[in-house]
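Okay, coords17.txt is below, compact mmCIF, C-alpha atoms:
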# COMPACT_ATOMS: atom_id res chain seq x y z
CA MET A 1 -20.88 -16.71 4.09
CA SER A 2 -19.75 -13.86 6.30
CA GLU A 3 -21.19 -13.34 9.75
CA ALA A 4 -21.87 -9.73 8.84
CA LEU A 5 -24.39 -10.69 6.17
CA THR A 6 -27.06 -11.63 8.67
CA THR A 7 -26.84 -8.23 10.34
CA ALA A 8 -26.26 -6.05 7.30
CA PRO A 9 -28.08 -2.72 7.24
CA GLU A 10 -31.50 -2.44 5.74
CA GLY A 11 -31.45 -1.81 2.00
CA ARG A 12 -28.93 -4.54 1.24
CA PRO A 13 -30.31 -7.19 -1.14
CA PHE A 14 -29.92 -10.34 0.89
CA ASP A 15 -29.21 -12.65 -2.03
CA LEU A 16 -25.94 -10.81 -2.66
CA PRO A 17 -22.83 -12.35 -1.17
CA LEU A 18 -20.97 -10.03 1.18
CA VAL A 19 -17.62 -9.57 -0.56
CA PHE A 20 -15.52 -8.61 2.47
CA LYS A 21 -16.24 -9.29 6.12
CA ARG A 22 -14.23 -6.17 6.88
CA HIS A 23 -12.84 -3.56 4.52
CA VAL A 24 -10.37 -1.07 5.96
CA PHE A 25 -9.61 2.25 4.28
CA ILE A 26 -6.53 4.32 5.13
CA CYS A 27 -5.85 7.85 3.93
CA ALA A 28 -2.66 8.65 1.99
CA GLN A 29 -3.49 12.26 1.16
CA GLN A 30 -0.36 14.39 0.83
CA ARG A 31 -0.24 18.17 1.27
CA PRO A 32 2.79 20.38 1.87
CA PRO A 33 4.06 20.32 5.49
CA MET A 34 2.80 23.83 6.32
CA HIS A 35 -0.58 23.48 4.59
CA PRO A 36 -3.35 24.80 6.89
CA ARG A 37 -5.50 21.68 6.48
CA GLY A 38 -2.64 19.30 7.25
CA SER A 39 -2.75 15.85 5.66
CA CYS A 40 -2.47 12.23 6.69
CA ALA A 41 0.76 11.71 4.75
CA ALA A 42 2.32 14.81 6.32
CA SER A 43 1.22 13.44 9.72
CA GLY A 44 3.04 10.15 9.24
CA ALA A 45 0.56 7.91 7.42
CA MET A 46 3.05 6.24 5.10
CA PRO A 47 4.67 3.78 7.55
CA LEU A 48 1.19 2.92 8.86
CA ILE A 49 -0.07 2.25 5.34
CA GLU A 50 2.90 -0.02 4.66
CA ARG A 51 2.31 -1.91 7.90
CA LEU A 52 -1.44 -2.25 7.34
CA SER A 53 -0.96 -3.51 3.78
CA ALA A 54 1.70 -6.00 4.90
CA LYS A 55 -0.44 -7.27 7.80
CA ILE A 56 -3.51 -7.79 5.63
CA GLN A 57 -1.42 -9.57 3.01
CA ALA A 58 0.16 -11.78 5.68
CA LEU A 59 -3.22 -12.74 7.15
CA GLN A 60 -4.23 -14.29 3.79
CA ASP A 61 -7.91 -13.97 4.66
CA PRO A 62 -9.95 -13.38 1.49
CA GLU A 63 -12.69 -11.78 3.60
CA LEU A 64 -10.40 -8.90 4.63
CA ALA A 65 -9.39 -6.05 2.34
CA VAL A 66 -7.41 -2.84 2.63
CA THR A 67 -7.69 0.14 0.29
CA VAL A 68 -5.52 3.25 0.27
CA THR A 69 -7.56 6.41 -0.27
CA GLY A 70 -7.43 10.08 -1.04
CA CYS A 71 -8.69 12.54 1.56
CA LEU A 72 -11.18 11.02 4.03
CA GLY A 73 -12.09 14.48 5.24
CA PHE A 74 -10.72 14.67 8.79
CA CYS A 75 -7.24 15.94 8.06
CA GLN A 76 -6.48 17.49 11.45
CA ALA A 77 -6.94 14.11 13.13
CA GLY A 78 -4.76 12.21 10.68
CA PRO A 79 -3.55 9.64 10.00
CA VAL A 80 -7.10 8.31 9.85
CA VAL A 81 -8.54 4.88 9.13
CA VAL A 82 -12.14 3.69 8.77
CA VAL A 83 -13.35 0.10 9.00
CA TYR A 84 -16.55 -0.95 7.23
CA PRO A 85 -19.20 -2.29 7.45
CA GLU A 86 -19.12 -1.11 11.07
CA GLY A 87 -18.14 2.44 10.14
CA ILE A 88 -15.64 2.72 12.98
CA TRP A 89 -13.00 5.42 12.66
CA TYR A 90 -9.53 5.20 14.10
CA ALA A 91 -6.61 7.59 14.55
CA PRO A 92 -3.64 5.21 14.86
CA ARG A 93 -0.24 6.75 15.58
CA THR A 94 2.18 3.81 15.52
CA VAL A 95 2.68 0.54 13.69
CA GLU A 96 1.76 -1.18 16.95
CA ASP A 97 -1.60 0.61 16.83
CA ILE A 98 -2.08 -0.80 13.32
CA ASP A 99 -1.23 -4.29 14.53
CA GLU A 100 -3.79 -4.00 17.31
CA ILE A 101 -6.54 -2.90 14.92
CA CYS A 102 -5.69 -5.84 12.63
CA VAL A 103 -5.69 -8.48 15.36
CA SER A 104 -8.50 -7.21 17.54
CA HIS A 105 -10.96 -5.59 15.16
CA LEU A 106 -10.32 -7.06 11.72
CA CYS A 107 -9.67 -10.64 12.86
CA GLU A 108 -11.57 -10.96 16.13
CA GLY A 109 -14.33 -8.42 15.57
CA GLU A 110 -13.48 -6.44 18.72
CA PRO A 111 -13.06 -2.71 18.04
CA VAL A 112 -10.01 -1.11 19.69
CA GLU A 113 -11.65 1.44 21.92
CA ARG A 114 -8.51 3.37 22.85
CA LEU A 115 -7.79 4.18 19.20
CA ILE A 116 -11.33 5.09 18.14
CA PHE A 117 -11.78 8.58 16.79
CA VAL A 118 -15.20 10.19 16.45
CA PRO A 119 -15.18 12.61 13.51
CA LYS A 120 -17.23 15.78 13.78
CA VAL A 121 -19.02 16.43 10.48
CA MET B 1 -29.16 9.51 14.46
CA SER B 2 -28.84 7.55 11.23
CA GLU B 3 -31.26 4.80 10.33
CA ALA B 4 -28.32 2.50 9.71
CA LEU B 5 -27.23 2.63 13.34
CA THR B 6 -30.03 0.41 14.54
CA THR B 7 -29.08 -2.30 12.07
CA ALA B 8 -25.30 -1.96 12.17
CA PRO B 9 -23.31 -5.20 12.12
CA GLU B 10 -22.38 -6.92 15.32
CA GLY B 11 -19.13 -5.63 16.80
CA ARG B 12 -20.04 -1.98 16.51
CA PRO B 13 -20.09 -0.16 19.87
CA PHE B 14 -23.62 1.18 19.97
CA ASP B 15 -22.81 4.34 21.89
CA LEU B 16 -20.78 5.60 18.92
CA PRO B 17 -22.54 7.92 16.52
CA LEU B 18 -22.62 6.63 12.95
CA VAL B 19 -20.62 9.25 11.06
CA PHE B 20 -22.05 8.69 7.58
CA LYS B 21 -25.33 7.07 6.64
CA ARG B 22 -23.69 6.06 3.39
CA HIS B 23 -20.07 6.35 2.32
CA VAL B 24 -19.27 5.72 -1.33
CA PHE B 25 -15.78 4.86 -2.55
CA ILE B 26 -14.75 5.17 -6.20
CA CYS B 27 -11.50 3.93 -7.68
CA ALA B 28 -9.16 6.32 -9.51
CA GLN B 29 -6.30 3.88 -10.06
CA GLN B 30 -4.32 4.70 -13.21
CA ARG B 31 -2.23 2.21 -15.18
CA PRO B 32 -0.93 2.53 -18.74
CA PRO B 33 -3.57 1.81 -21.41
CA MET B 34 -2.08 -1.56 -22.42
CA HIS B 35 -1.36 -2.77 -18.87
CA PRO B 36 -2.55 -6.40 -18.48
CA ARG B 37 -4.51 -5.64 -15.27
CA GLY B 38 -6.30 -2.66 -16.75
CA SER B 39 -7.33 0.14 -14.38
CA CYS B 40 -10.40 2.14 -13.49
CA ALA B 41 -8.89 5.39 -14.77
CA ALA B 42 -7.93 3.78 -18.08
CA SER B 43 -11.50 2.44 -18.29
CA GLY B 44 -13.05 5.89 -18.00
CA ALA B 45 -13.38 6.49 -14.25
CA MET B 46 -12.41 10.16 -14.26
CA PRO B 47 -15.65 11.69 -15.61
CA LEU B 48 -17.59 9.39 -13.25
CA ILE B 49 -15.51 10.55 -10.27
CA GLU B 50 -16.13 14.18 -11.20
CA ARG B 51 -19.86 13.55 -11.50
CA LEU B 52 -20.08 11.62 -8.24
CA SER B 53 -18.14 14.28 -6.32
CA ALA B 54 -20.29 17.05 -7.79
CA LYS B 55 -23.54 15.20 -7.02
CA ILE B 56 -22.57 14.51 -3.41
CA GLN B 57 -21.50 18.12 -2.96
CA ALA B 58 -24.76 19.35 -4.48
CA LEU B 59 -26.86 17.13 -2.20
CA GLN B 60 -25.44 18.93 0.86
CA ASP B 61 -26.29 15.99 3.10
CA PRO B 62 -23.75 15.69 5.93
CA GLU B 63 -24.62 12.00 6.27
CA LEU B 64 -23.31 11.21 2.76
CA ALA B 65 -19.62 11.06 1.86
CA VAL B 66 -17.55 10.20 -1.20
CA THR B 67 -13.90 9.18 -1.16
CA VAL B 68 -11.64 8.62 -4.15
CA THR B 69 -9.42 5.56 -3.73
CA GLY B 70 -6.47 3.68 -5.08
CA CYS B 71 -7.00 0.19 -6.44
CA LEU B 72 -10.12 -1.53 -5.09
CA GLY B 73 -8.92 -4.82 -6.50
CA PHE B 74 -11.33 -5.62 -9.33
CA CYS B 75 -9.59 -3.87 -12.17
CA GLN B 76 -11.07 -5.83 -15.07
CA ALA B 77 -14.57 -4.72 -14.04
CA GLY B 78 -13.69 -1.06 -13.69
CA PRO B 79 -14.66 1.63 -13.15
CA VAL B 80 -15.82 0.24 -9.80
CA VAL B 81 -17.64 1.78 -6.87
CA VAL B 82 -18.54 0.36 -3.44
CA VAL B 83 -21.15 1.74 -1.06
CA TYR B 84 -20.85 1.12 2.70
CA PRO B 85 -22.15 0.16 5.19
CA GLU B 86 -24.14 -2.11 2.85
CA GLY B 87 -21.03 -3.30 0.99
CA ILE B 88 -22.74 -3.13 -2.39
CA TRP B 89 -20.45 -2.98 -5.42
CA TYR B 90 -21.31 -1.22 -8.66
CA ALA B 91 -19.79 -1.05 -12.11
CA PRO B 92 -21.21 2.23 -13.49
CA ARG B 93 -20.40 3.12 -17.08
CA THR B 94 -21.96 6.55 -17.60
CA VAL B 95 -22.63 9.72 -15.66
CA GLU B 96 -26.30 8.78 -15.79
CA ASP B 97 -25.43 5.56 -13.97
CA ILE B 98 -23.74 7.67 -11.28
CA ASP B 99 -26.82 9.88 -10.99
CA GLU B 100 -29.02 6.82 -10.54
CA ILE B 101 -26.79 5.42 -7.77
CA CYS B 102 -26.88 8.81 -6.01
CA VAL B 103 -30.63 9.28 -6.17
CA SER B 104 -31.78 5.70 -5.67
CA HIS B 105 -29.21 4.16 -3.35
CA LEU B 106 -27.48 7.00 -1.52
CA CYS B 107 -30.56 9.17 -1.01
CA GLU B 108 -33.47 6.72 -1.02
CA GLY B 109 -31.72 3.59 0.23
CA GLU B 110 -32.74 1.51 -2.80
CA PRO B 111 -29.78 -0.27 -4.43
CA VAL B 112 -29.65 -0.03 -8.24
CA GLU B 113 -29.89 -3.66 -9.19
CA ARG B 114 -29.00 -3.26 -12.87
CA LEU B 115 -25.63 -1.71 -11.99
CA ILE B 116 -24.62 -4.10 -9.21
CA PHE B 117 -21.42 -5.98 -9.75
CA VAL B 118 -20.50 -9.06 -7.68
CA PRO B 119 -16.72 -9.27 -7.34
CA LYS B 120 -15.10 -12.70 -7.30
CA VAL B 121 -12.41 -12.82 -4.64

What would the structure in this file look like if it were written as structure tokens?
Amino acid sequence: MSEALTTAPEGRPFDLPLVFKRHVFICAQQRPPMHPRGSCAASGAMPLIERLSAKIQALQDPELAVTVTGCLGFCQAGPVVVVYPEGIWYAPRTVEDIDEICVSHLCEGEPVERLIFVPKV
Amino acid sequence: MSEALTTAPEGRPFDLPLVFKRHVFICAQQRPPMHPRGSCAASGAMPLIERLSAKIQALQDPELAVTVTGCLGFCQAGPVVVVYPEGIWYAPRTVEDIDEICVSHLCEGEPVERLIFVPKV
């Protein structure tokens, strides 16, 4: 049983197993290079997506998952990543940033403060 | 400040604002109709995605978000949806199912038990 279950937000039926201890979402939205909104793919998301997918696969932890998404809504800050259930947003720039998020946050439960991004909605 | 912040899982820095009270992800993965894994799009996800996006837009609640994703990993059960931060998985079949998830879970914080799906990982 995942550690997160005991601290899950109100509204979660507690007899349900928590499927993933941490579920990371990474945006792959593509727009043309000069598009006014920008896009994560145009900002270099693809190598980060490849690295994140490879790292999660290599970890072989069934309580970790990665999902590639369409637009997460904060295109100017891209590439963007969000980790649930904590709801922590990151703006990684390099594959080393991805590695640090995997080791520190996903595996050890310590968010990577220097990479955190606070979206304005 | 969102209600979920006070009950967020351990590991979340508590001086960070919670960006979304609830963030719903819906799979749009497409595979050919006879593909052995199946896919959410081949199982009828597209009208559900349209309905979910329209409902969230109509609610005009900045604390709710919807993101369309690639494969969420449980293709045989598709179309699949997951709501964070609770980490509750649904297998809606109709637009009315989508409406019920929006009203009951996303707005009122009451998960829709009859539509919950427990993935086996």

To one decimal place, how far is CA of Pro111 in chain B from CA of Cys75 in chain B in Å?
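If I compute the distance from CA of Pro111 in chain B to CA of Cys75 in chain B, I get 21.9 Å.
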
Residues near Ile56 in chain A, anyone? I mean within 9 Å using all atoms listed in the file, not counting same-chain ones fewer than 5 positions away, as a ChimeraX atom specification.
/A:51,61,64-66,102

Fewer than 2 positions away in the same chain doesn't count, so skip those; otherwise give me all residues within 7 Å of Arg37 in chain B, counting all atoms listed in the file, as a PDB file with C-alpha atoms, in the coordinates of the input.
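File produced: part-v2.pdb:
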ATOM      1  CA  HIS B  35      -1.360  -2.770 -18.870  1.00  0.00           C
ATOM      2  CA  SER B  39      -7.330   0.140 -14.380  1.00  0.00           C
ATOM      3  CA  CYS B  75      -9.590  -3.870 -12.170  1.00  0.00           C
ATOM      4  CA  GLN B  76     -11.070  -5.830 -15.070  1.00  0.00           C
TER       5      GLN B  76
END

Which neighbours of Glu113 in chain B fall inside 12 Å, counting all atoms listed in the file, when residues of the same chain fewer than 6 positions from it are skipped, and could you give them as a list in words?
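Final neighbour list, sorted by chain and number: Gly11, Arg12, Pro13, Asp15 and Leu16 of chain A; Ile88, Trp89, Tyr90, Ala91, Pro92, Asp97, Glu100, Ile101, Ser104 and His105 of chain B.
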
The coordinates of chain B, once least-squares superposed on chain A over all sequentially paired C-alpha atoms, should be supplied as an mmCIF file with C-alpha atoms, in the frame of the given file.
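Result written to out_15.cif:
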data_model
loop_
_atom_site.group_PDB
_atom_site.id
_atom_site.type_symbol
_atom_site.label_atom_id
_atom_site.label_comp_id
_atom_site.auth_asym_id
_atom_site.auth_seq_id
_atom_site.Cartn_x
_atom_site.Cartn_y
_atom_site.Cartn_z
ATOM 1 C CA MET B 1 -20.997 -16.729 4.132
ATOM 2 C CA SER B 2 -19.779 -13.877 6.313
ATOM 3 C CA GLU B 3 -21.140 -13.313 9.785
ATOM 4 C CA ALA B 4 -21.822 -9.706 8.865
ATOM 5 C CA LEU B 5 -24.362 -10.678 6.223
ATOM 6 C CA THR B 6 -27.015 -11.612 8.733
ATOM 7 C CA THR B 7 -26.784 -8.217 10.396
ATOM 8 C CA ALA B 8 -26.216 -6.043 7.336
ATOM 9 C CA PRO B 9 -28.041 -2.707 7.271
ATOM 10 C CA GLU B 10 -31.465 -2.433 5.767
ATOM 11 C CA GLY B 11 -31.389 -1.801 2.024
ATOM 12 C CA ARG B 12 -28.921 -4.550 1.257
ATOM 13 C CA PRO B 13 -30.298 -7.198 -1.130
ATOM 14 C CA PHE B 14 -29.907 -10.353 0.909
ATOM 15 C CA ASP B 15 -29.234 -12.658 -2.018
ATOM 16 C CA LEU B 16 -25.947 -10.840 -2.666
ATOM 17 C CA PRO B 17 -22.835 -12.376 -1.185
ATOM 18 C CA LEU B 18 -20.973 -10.053 1.171
ATOM 19 C CA VAL B 19 -17.631 -9.582 -0.574
ATOM 20 C CA PHE B 20 -15.519 -8.624 2.441
ATOM 21 C CA LYS B 21 -16.219 -9.305 6.090
ATOM 22 C CA ARG B 22 -14.226 -6.191 6.865
ATOM 23 C CA HIS B 23 -12.822 -3.575 4.515
ATOM 24 C CA VAL B 24 -10.376 -1.065 5.955
ATOM 25 C CA PHE B 25 -9.614 2.255 4.279
ATOM 26 C CA ILE B 26 -6.536 4.324 5.133
ATOM 27 C CA CYS B 27 -5.849 7.841 3.931
ATOM 28 C CA ALA B 28 -2.662 8.649 2.001
ATOM 29 C CA GLN B 29 -3.496 12.261 1.169
ATOM 30 C CA GLN B 30 -0.361 14.402 0.838
ATOM 31 C CA ARG B 31 -0.239 18.173 1.299
ATOM 32 C CA PRO B 32 2.807 20.369 1.900
ATOM 33 C CA PRO B 33 4.067 20.294 5.509
ATOM 34 C CA MET B 34 2.829 23.810 6.345
ATOM 35 C CA HIS B 35 -0.556 23.476 4.608
ATOM 36 C CA PRO B 36 -3.322 24.818 6.908
ATOM 37 C CA ARG B 37 -5.482 21.673 6.504
ATOM 38 C CA GLY B 38 -2.645 19.300 7.273
ATOM 39 C CA SER B 39 -2.751 15.841 5.679
ATOM 40 C CA CYS B 40 -2.482 12.220 6.698
ATOM 41 C CA ALA B 41 0.750 11.713 4.753
ATOM 42 C CA ALA B 42 2.326 14.793 6.335
ATOM 43 C CA SER B 43 1.220 13.429 9.727
ATOM 44 C CA GLY B 44 3.048 10.140 9.251
ATOM 45 C CA ALA B 45 0.560 7.906 7.421
ATOM 46 C CA MET B 46 3.040 6.231 5.085
ATOM 47 C CA PRO B 47 4.682 3.779 7.524
ATOM 48 C CA LEU B 48 1.197 2.940 8.856
ATOM 49 C CA ILE B 49 -0.077 2.243 5.328
ATOM 50 C CA GLU B 50 2.894 -0.027 4.661
ATOM 51 C CA ARG B 51 2.296 -1.899 7.907
ATOM 52 C CA LEU B 52 -1.439 -2.259 7.337
ATOM 53 C CA SER B 53 -0.960 -3.522 3.773
ATOM 54 C CA ALA B 54 1.694 -5.999 4.903
ATOM 55 C CA LYS B 55 -0.446 -7.266 7.800
ATOM 56 C CA ILE B 56 -3.513 -7.792 5.617
ATOM 57 C CA GLN B 57 -1.408 -9.567 3.009
ATOM 58 C CA ALA B 58 0.168 -11.770 5.677
ATOM 59 C CA LEU B 59 -3.224 -12.727 7.134
ATOM 60 C CA GLN B 60 -4.220 -14.285 3.787
ATOM 61 C CA ASP B 61 -7.904 -13.969 4.631
ATOM 62 C CA PRO B 62 -9.953 -13.388 1.467
ATOM 63 C CA GLU B 63 -12.685 -11.780 3.575
ATOM 64 C CA LEU B 64 -10.390 -8.903 4.630
ATOM 65 C CA ALA B 65 -9.391 -6.040 2.337
ATOM 66 C CA VAL B 66 -7.396 -2.827 2.629
ATOM 67 C CA THR B 67 -7.673 0.143 0.292
ATOM 68 C CA VAL B 68 -5.516 3.260 0.274
ATOM 69 C CA THR B 69 -7.555 6.424 -0.272
ATOM 70 C CA GLY B 70 -7.412 10.094 -1.029
ATOM 71 C CA CYS B 71 -8.690 12.540 1.558
ATOM 72 C CA LEU B 72 -11.170 11.020 4.019
ATOM 73 C CA GLY B 73 -12.087 14.476 5.233
ATOM 74 C CA PHE B 74 -10.731 14.669 8.780
ATOM 75 C CA CYS B 75 -7.260 15.935 8.074
ATOM 76 C CA GLN B 76 -6.494 17.485 11.458
ATOM 77 C CA ALA B 77 -6.952 14.085 13.124
ATOM 78 C CA GLY B 78 -4.761 12.200 10.687
ATOM 79 C CA PRO B 79 -3.546 9.651 9.983
ATOM 80 C CA VAL B 80 -7.107 8.308 9.845
ATOM 81 C CA VAL B 81 -8.537 4.886 9.130
ATOM 82 C CA VAL B 82 -12.149 3.695 8.769
ATOM 83 C CA VAL B 83 -13.355 0.106 8.989
ATOM 84 C CA TYR B 84 -16.566 -0.961 7.210
ATOM 85 C CA PRO B 85 -19.214 -2.286 7.407
ATOM 86 C CA GLU B 86 -19.129 -1.115 11.042
ATOM 87 C CA GLY B 87 -18.138 2.448 10.109
ATOM 88 C CA ILE B 88 -15.663 2.723 12.968
ATOM 89 C CA TRP B 89 -13.016 5.431 12.637
ATOM 90 C CA TYR B 90 -9.527 5.194 14.089
ATOM 91 C CA ALA B 91 -6.636 7.577 14.536
ATOM 92 C CA PRO B 92 -3.639 5.210 14.846
ATOM 93 C CA ARG B 93 -0.258 6.747 15.584
ATOM 94 C CA THR B 94 2.168 3.819 15.517
ATOM 95 C CA VAL B 95 2.666 0.548 13.697
ATOM 96 C CA GLU B 96 1.747 -1.166 16.951
ATOM 97 C CA ASP B 97 -1.606 0.616 16.818
ATOM 98 C CA ILE B 98 -2.093 -0.800 13.311
ATOM 99 C CA ASP B 99 -1.236 -4.296 14.536
ATOM 100 C CA GLU B 100 -3.794 -3.988 17.323
ATOM 101 C CA ILE B 101 -6.541 -2.889 14.903
ATOM 102 C CA CYS B 102 -5.700 -5.847 12.635
ATOM 103 C CA VAL B 103 -5.698 -8.484 15.347
ATOM 104 C CA SER B 104 -8.511 -7.196 17.542
ATOM 105 C CA HIS B 105 -10.970 -5.593 15.145
ATOM 106 C CA LEU B 106 -10.331 -7.066 11.705
ATOM 107 C CA CYS B 107 -9.666 -10.632 12.841
ATOM 108 C CA GLU B 108 -11.564 -10.962 16.122
ATOM 109 C CA GLY B 109 -14.328 -8.420 15.559
ATOM 110 C CA GLU B 110 -13.489 -6.442 18.711
ATOM 111 C CA PRO B 111 -13.069 -2.706 18.038
ATOM 112 C CA VAL B 112 -10.017 -1.102 19.681
ATOM 113 C CA GLU B 113 -11.663 1.439 21.912
ATOM 114 C CA ARG B 114 -8.520 3.374 22.847
ATOM 115 C CA LEU B 115 -7.809 4.183 19.190
ATOM 116 C CA ILE B 116 -11.338 5.113 18.123
ATOM 117 C CA PHE B 117 -11.780 8.588 16.783
ATOM 118 C CA VAL B 118 -15.227 10.206 16.430
ATOM 119 C CA PRO B 119 -15.194 12.620 13.494
ATOM 120 C CA LYS B 120 -17.251 15.797 13.749
ATOM 121 C CA VAL B 121 -19.039 16.436 10.474
#

Which polymer residues have any atom within 9 Å of an atom of Pro62 in chain B, counting all atoms listed in the file, with same-chain residues fewer than 2 positions away left out, as a PDB file with C-alpha atoms, in the frame of the given file?
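Written file, selection-v1.pdb:
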ATOM      1  CA  VAL A 121     -19.020  16.430  10.480  1.00  0.00           C
TER       2      VAL A 121
ATOM      3  CA  VAL B  19     -20.620   9.250  11.060  1.00  0.00           C
ATOM      4  CA  PHE B  20     -22.050   8.690   7.580  1.00  0.00           C
ATOM      5  CA  LYS B  21     -25.330   7.070   6.640  1.00  0.00           C
ATOM      6  CA  LEU B  59     -26.860  17.130  -2.200  1.00  0.00           C
ATOM      7  CA  GLN B  60     -25.440  18.930   0.860  1.00  0.00           C
ATOM      8  CA  LEU B  64     -23.310  11.210   2.760  1.00  0.00           C
ATOM      9  CA  ALA B  65     -19.620  11.060   1.860  1.00  0.00           C
TER      10      ALA B  65
END

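Note that CA of Ala58 in chain B and CA of Val112 in chain B are 20.3 Å apart.
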
Å distance separating CA of Thr94 in chain B from CA of Val81 in chain B, one decimal place:
12.5 Å

Padding of 4 Å on every side, edges along x, y and z, all listed atoms of range 27-46 of chain A included: what centre and edge lengths in Å, to one decimal, does that box have, as AutoDock Vina command-line options?
--center_x -0.9 --center_y 15.5 --center_z 5.3 --size_x 17.9 --size_y 26.6 --size_z 16.9

Find the residues around Gly70 in chain A up to 8 Å (only C-alpha atoms counted), leave out those fewer than 6 positions away in its own chain, and share them as a PyMOL selection string.
(chain A and resi 27-29) or (chain B and resi 67-70)

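Restricting the calculation to all atoms listed in the file, the smallest distance between chain A and any of B:Tyr84, B:Ser53, B:Leu106, B:Asp99 is found for B:Tyr84.
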